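A short worksheet on the structure shown next.
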Amino acid sequence: MDHHMLSHVADGRLKAADADVGKTREHRRQRRLLTLAVLLAVPASWLWLRMLTGDPVDVTALSLPTIDPFLAIVFLFFLVLIGTLLGTTMVAGRSPHVIYRPDQLGVRFDDVRGIDAVKGDVVRSLNLFLAHRRFQEEMGGTARRGILFEGPPGTGKTYVAKAMAAEADVPFLFVSATSFQSMYYGATARKIRAYFKTLRKTARREGGAIGFIEEIDAIATTRGGMSAVAGPPAQEPTVCCGGLVGLPTASATAAPPQPVVNASMVSEGTGGVVNELLVQMQSFDEPTGWQSFLGRLVDAINLLLPAHRQLRRPTPQPANVLLIAATNRAASLDAALLRPGRFDRVLTFDPPGKKGRRDLIDLMLERRSHEAELDSDIARDHLASLTTGYTPARLENLFDEALIEALRRGSRAMNTRDLHAARLVADVGLGQPVAYTDHEAALIATHEAGHAVIAYVVAPHRRLEVLTIIKRKDALGMLAHNDTEDVYTRSRTELLSLIQIAFGGMVAEELFFGEVSTGPSSDLNYATTVAAQMVGATGMVGSLINVSAAQGTANLVGQVISDSTSRAALEELLVAQKEIARQVLVEHRQAVVRLRDALLERHELVGEEILAVLKDDQIDLRAVPVL
């Protein structure tokens with residue numbers, strides 16, 4: 001690798017064969033061949049010498065010693081006994097890792113999609129790993145020794161680590177942090193030492209090695225039982241009469257994560273395990289056994305030599321190791337792990353945005369049987385919009401469930417309806433056959449139709465996805481609707497429209513049946529939560545005071561309700577939005593009837609089927625005045 005290539009380390013991917021890793025591996029291979037040739041040359045030369053002098057070795061004249069069978073049995077018994085005792089001790093302190101060769105990993109960077117935000121940094125870190133020697137000798141830098149991948153489950157942390165090892169063409173030493181734990185005193189620390197020792201040996205033998213510790217928080221929580229407070233949890237879709245609506249909830253600060261307690265940590269202490277991990281992460285510069293022996297020999301000789309004649313000790317070469325760890329709880333890790341020289345880089349893996357999901361959808365559909373309707377850009381863009389918040393693992397599960405739905409209807413290829421059905425199963429649950437009475441069926445269908453009509457009229461920026469009266473878990477029926485694009489903040493108008501949608505079911509019941517059932521309870525819960533956020537946190541209604549400033553956001557609704565002024569503003573806001581919902585449904589009563597009848601006939605409407613019923617009624621999208 002020349003200077004020009006080194007100057008472009010951060011711009012693209014280096015080839016392992018052309019970088020320091022490949023050159024080191026080839027040098028090691030040649031040394032092993034030379035060593036083998038020397039070792040074989042000694043007995044071969046001796047045999048040839050015997051032949052040339054006329055005294056060849058007579059193999060037939062060699063005789064094996066006779067062994068007493070009884071003594072042989074006694075010897076074998078004691079051998080097995082000693083082996084069992086030693087084996088128990090050795091297994092308790094043996095490294096629990098699994099080693100994968102590059103050709104066993106089955107994943108490359110071309111297969112990594114949807115993480116554009118971190119992929120560039122991953123490639124740069126890998127290039128520094130591959131060109132570690134030139135980076136140090138020619139530029140004076142120190143390559144990254146450790147990278148921490150943190151983020152929600154299923155965002156591709158392990159997947160990316162495997163791709164890095166495959167691209168680098170080096171062994172991948174995978175270990176789960178929980179497998180270090182042991183019931184024997186001191187065994188956890190011994191396993192950690194054994195793992196890092198194997199990492200160093202493998203790296204020196206292969207020119208480099210990548211180690212991966214899964215769920216490192218199991219052994220690396222903050223010492224002394226002190227934990228940092230985690231940030232607010234990821235927002236989940238909320239329920240509209242049991243249906244997904246994809247709305248924001250009042251933010252809440254998660255409780256501090258509890259330190260992990262296990263048998264090994266009870267006996268050794270969390271501090272002892274973390275201390276061992278910290279020490280081993282600084283061990284990549286340790287000399288090999290042979291270098292240590294030579295160093296002691298030089299020290300012994302130097303004791304006999306004058307100062308100006310002292311021999312120089314061998315300089316240890318650092319092992320080219322890249323340690324990657326993954327966790328879902330980075331806030332609970334000991335702070336000493338995150339300092340430079342240990343985990344030099346922390347990369348956060350978030351669920352992909354719409355573009356990333358589209359790339360993942362293209363990749364996954366290439367590998368799965370599907371009908372032609374899913375090949376169009378419109379269909380795939382629509383699917384990317386439907387899956388807001390999905391992680392790569394969740395997307396993969398969605399396609400697998402869609403294939404199961406296709407098999408259930410007797411097909412070998414999935415279609416759009418299969419994907420909608422799979423999404424409902426994954427997000428809400430399996431549909432359960434329930435024998436509704438005629439009154440119940442009409443009530444539930446009217447309720448859901450009220451939600452849909454309100455959403456269609458007051459929120460044209462939202463997409464109606466599924467309207468159903470099929471029972472799933474605790475939801476007798478549901479309207480699933482979502483934003484047409486990924487959104488990260490909402491305006492006052494948008495929040496008001498979401499409250500109005502939540503009231504659509506209750507108002508429809510009042511208009512058509514003259515009374516309200518128990519169905520709107522979850523709608524009121526949601527409407528109250530969003531309204532409380534507007535009143536008590538965002539300054540959108542009345543006072544500009546954030547009522548959670550003093551006590552945090554753990555129970556924002558309770559704080560708003562407990563304050564008489566805020567409660568009055570909350571009640572006034574909810575009543576006003578319910579009245580707007582009533583005005584909309586009175587004006588578009590026939591649209592509710594048409595949707596209700598369609599639901600009673602088909603039980604479930606998906607996407608364009610909902611719009612077809614509404615457009616037949618020729619409802620015009622219009623902006624409804626808000627208070």
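Chain lettering (A, B, ...) mirrors the order of the structure tokens, residue numbering begins at 1 for each chain separately, and ligand numbering begins at 1 in order of display.
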
Helix (DSSP H, G or I) positions in segment 413-522 of chain A, given as number ranges by chain: A: 416-427, 438-458, 492-513, 521-522

Exercise: Gly295 of chain A partners within 10 Å, only C-alpha atoms, chain neighbours under 4 positions left out, as a PyMOL selection string: chain A and resi 287+289-291+299-301+311-316

Would you mind telling me which residue in A:Glu26, A:Asp362, A:Asp438, A:Asp486 lies nearest to Gly207 of chain A when using only C-alpha atoms?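 Between A:Glu26, A:Asp362, A:Asp438, A:Asp486, the residue approaching Gly207 of chain A most closely is A:Glu26.
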
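The interatomic distance for the pair atom CA of Asn275 of chain A and atom CA of Thr198 of chain A works out to 19.1 Å.
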
Give me every strand (DSSP E or B) residue in segment 274-501 of chain A, going by DSSP on the backbone, as a PyMOL selection string. chain A and resi 321-327+333+345-348+370+414+431-432+462-468+471-472+475+478-483

Could you write out the selected residues, including N, CA, C and O atoms, as a short mmCIF file (atom, residue, chain, number, x, y, z; two decimals), in the first residue's frame?
```cif
data_model
loop_
_atom_site.label_atom_id
_atom_site.label_comp_id
_atom_site.auth_asym_id
_atom_site.auth_seq_id
_atom_site.Cartn_x
_atom_site.Cartn_y
_atom_site.Cartn_z
N VAL A 321 -5.74 -5.92 16.97
CA VAL A 321 -7.05 -6.37 17.44
C VAL A 321 -8.03 -5.21 17.38
O VAL A 321 -7.71 -4.09 17.78
N LEU A 322 -9.23 -5.47 16.88
CA LEU A 322 -10.33 -4.52 16.96
C LEU A 322 -11.44 -5.16 17.77
O LEU A 322 -12.00 -6.19 17.37
N LEU A 323 -11.73 -4.60 18.92
CA LEU A 323 -12.76 -5.13 19.80
C LEU A 323 -14.04 -4.34 19.61
O LEU A 323 -14.04 -3.11 19.74
N ILE A 324 -15.12 -5.03 19.30
CA ILE A 324 -16.43 -4.41 19.13
C ILE A 324 -17.35 -4.97 20.19
O ILE A 324 -17.37 -6.18 20.44
N ALA A 325 -18.09 -4.11 20.84
CA ALA A 325 -19.07 -4.54 21.84
C ALA A 325 -20.42 -3.93 21.48
O ALA A 325 -20.50 -2.84 20.90
N ALA A 326 -21.48 -4.64 21.82
CA ALA A 326 -22.84 -4.18 21.52
C ALA A 326 -23.65 -4.14 22.81
O ALA A 326 -23.47 -4.98 23.70
N THR A 327 -24.52 -3.16 22.91
CA THR A 327 -25.38 -3.05 24.08
C THR A 327 -26.64 -2.28 23.73
O THR A 327 -26.64 -1.44 22.81
N LEU A 333 -23.23 1.47 31.37
CA LEU A 333 -21.85 1.00 31.34
C LEU A 333 -20.95 1.87 32.21
O LEU A 333 -21.20 3.06 32.40
N ARG A 345 -14.69 4.81 20.10
CA ARG A 345 -15.80 5.33 19.31
C ARG A 345 -17.10 4.68 19.78
O ARG A 345 -17.14 3.47 20.02
N VAL A 346 -18.13 5.49 19.92
CA VAL A 346 -19.46 4.99 20.24
C VAL A 346 -20.36 5.31 19.06
O VAL A 346 -20.56 6.48 18.73
N LEU A 347 -20.88 4.28 18.41
CA LEU A 347 -21.76 4.46 17.26
C LEU A 347 -23.18 4.06 17.65
O LEU A 347 -23.40 2.95 18.17
N THR A 348 -24.11 4.95 17.40
CA THR A 348 -25.51 4.71 17.76
C THR A 348 -26.28 4.21 16.56
O THR A 348 -26.31 4.85 15.51
N HIS A 370 -42.16 -12.98 -4.45
CA HIS A 370 -43.23 -11.99 -4.34
C HIS A 370 -43.88 -11.80 -5.71
O HIS A 370 -43.30 -12.09 -6.75
N MET A 414 -45.70 -13.69 -1.97
CA MET A 414 -46.45 -12.72 -1.17
C MET A 414 -46.94 -11.57 -2.04
O MET A 414 -46.36 -11.27 -3.09
N GLY A 431 -55.79 -12.31 14.31
CA GLY A 431 -57.23 -12.10 14.32
C GLY A 431 -57.93 -13.28 14.97
O GLY A 431 -57.61 -14.44 14.72
N GLN A 432 -58.90 -12.97 15.83
CA GLN A 432 -59.62 -14.01 16.56
C GLN A 432 -61.08 -14.01 16.14
O GLN A 432 -61.75 -12.98 16.22
N ARG A 462 -52.36 12.48 6.61
CA ARG A 462 -52.21 11.12 7.14
C ARG A 462 -52.75 10.10 6.14
O ARG A 462 -53.63 10.39 5.34
N ARG A 463 -52.21 8.90 6.25
CA ARG A 463 -52.56 7.82 5.34
C ARG A 463 -53.38 6.77 6.09
O ARG A 463 -52.95 6.28 7.15
N LEU A 464 -54.56 6.45 5.54
CA LEU A 464 -55.40 5.41 6.14
C LEU A 464 -54.89 4.05 5.66
O LEU A 464 -54.82 3.79 4.46
N GLU A 465 -54.55 3.19 6.60
CA GLU A 465 -53.91 1.93 6.24
C GLU A 465 -54.85 0.73 6.36
O GLU A 465 -55.02 -0.02 5.41
N VAL A 466 -55.44 0.53 7.52
CA VAL A 466 -56.31 -0.63 7.74
C VAL A 466 -57.50 -0.20 8.58
O VAL A 466 -57.35 0.52 9.59
N LEU A 467 -58.66 -0.63 8.18
CA LEU A 467 -59.90 -0.42 8.94
C LEU A 467 -60.55 -1.78 9.11
O LEU A 467 -60.87 -2.45 8.11
N THR A 468 -60.73 -2.22 10.34
CA THR A 468 -61.18 -3.59 10.56
C THR A 468 -62.08 -3.70 11.79
O THR A 468 -61.98 -2.88 12.71
N LYS A 471 -61.42 -8.92 15.70
CA LYS A 471 -60.84 -8.79 17.04
C LYS A 471 -59.38 -9.25 17.03
O LYS A 471 -59.04 -10.31 16.51
N ARG A 472 -58.53 -8.43 17.63
CA ARG A 472 -57.12 -8.77 17.84
C ARG A 472 -56.74 -8.36 19.26
O ARG A 472 -56.82 -7.20 19.61
N ALA A 475 -58.46 -5.48 21.21
CA ALA A 475 -59.10 -4.54 20.30
C ALA A 475 -60.20 -5.25 19.52
O ALA A 475 -59.94 -6.18 18.76
N MET A 478 -60.36 -1.62 14.85
CA MET A 478 -59.30 -0.63 14.87
C MET A 478 -59.20 0.10 13.54
O MET A 478 -59.59 -0.41 12.49
N LEU A 479 -58.68 1.32 13.63
CA LEU A 479 -58.26 2.08 12.46
C LEU A 479 -56.77 2.30 12.60
O LEU A 479 -56.30 2.90 13.57
N ALA A 480 -56.00 1.82 11.64
CA ALA A 480 -54.56 2.07 11.62
C ALA A 480 -54.28 3.16 10.60
O ALA A 480 -54.66 3.04 9.44
N HIS A 481 -53.69 4.23 11.04
CA HIS A 481 -53.31 5.32 10.12
C HIS A 481 -51.98 5.89 10.57
O HIS A 481 -51.59 5.79 11.74
N ASN A 482 -51.26 6.48 9.64
CA ASN A 482 -49.91 6.93 9.93
C ASN A 482 -49.57 8.14 9.06
O ASN A 482 -50.31 8.48 8.14
N ASP A 483 -48.42 8.75 9.34
CA ASP A 483 -47.95 9.87 8.53
C ASP A 483 -47.47 9.37 7.17
O ASP A 483 -46.95 8.25 7.05
#
```
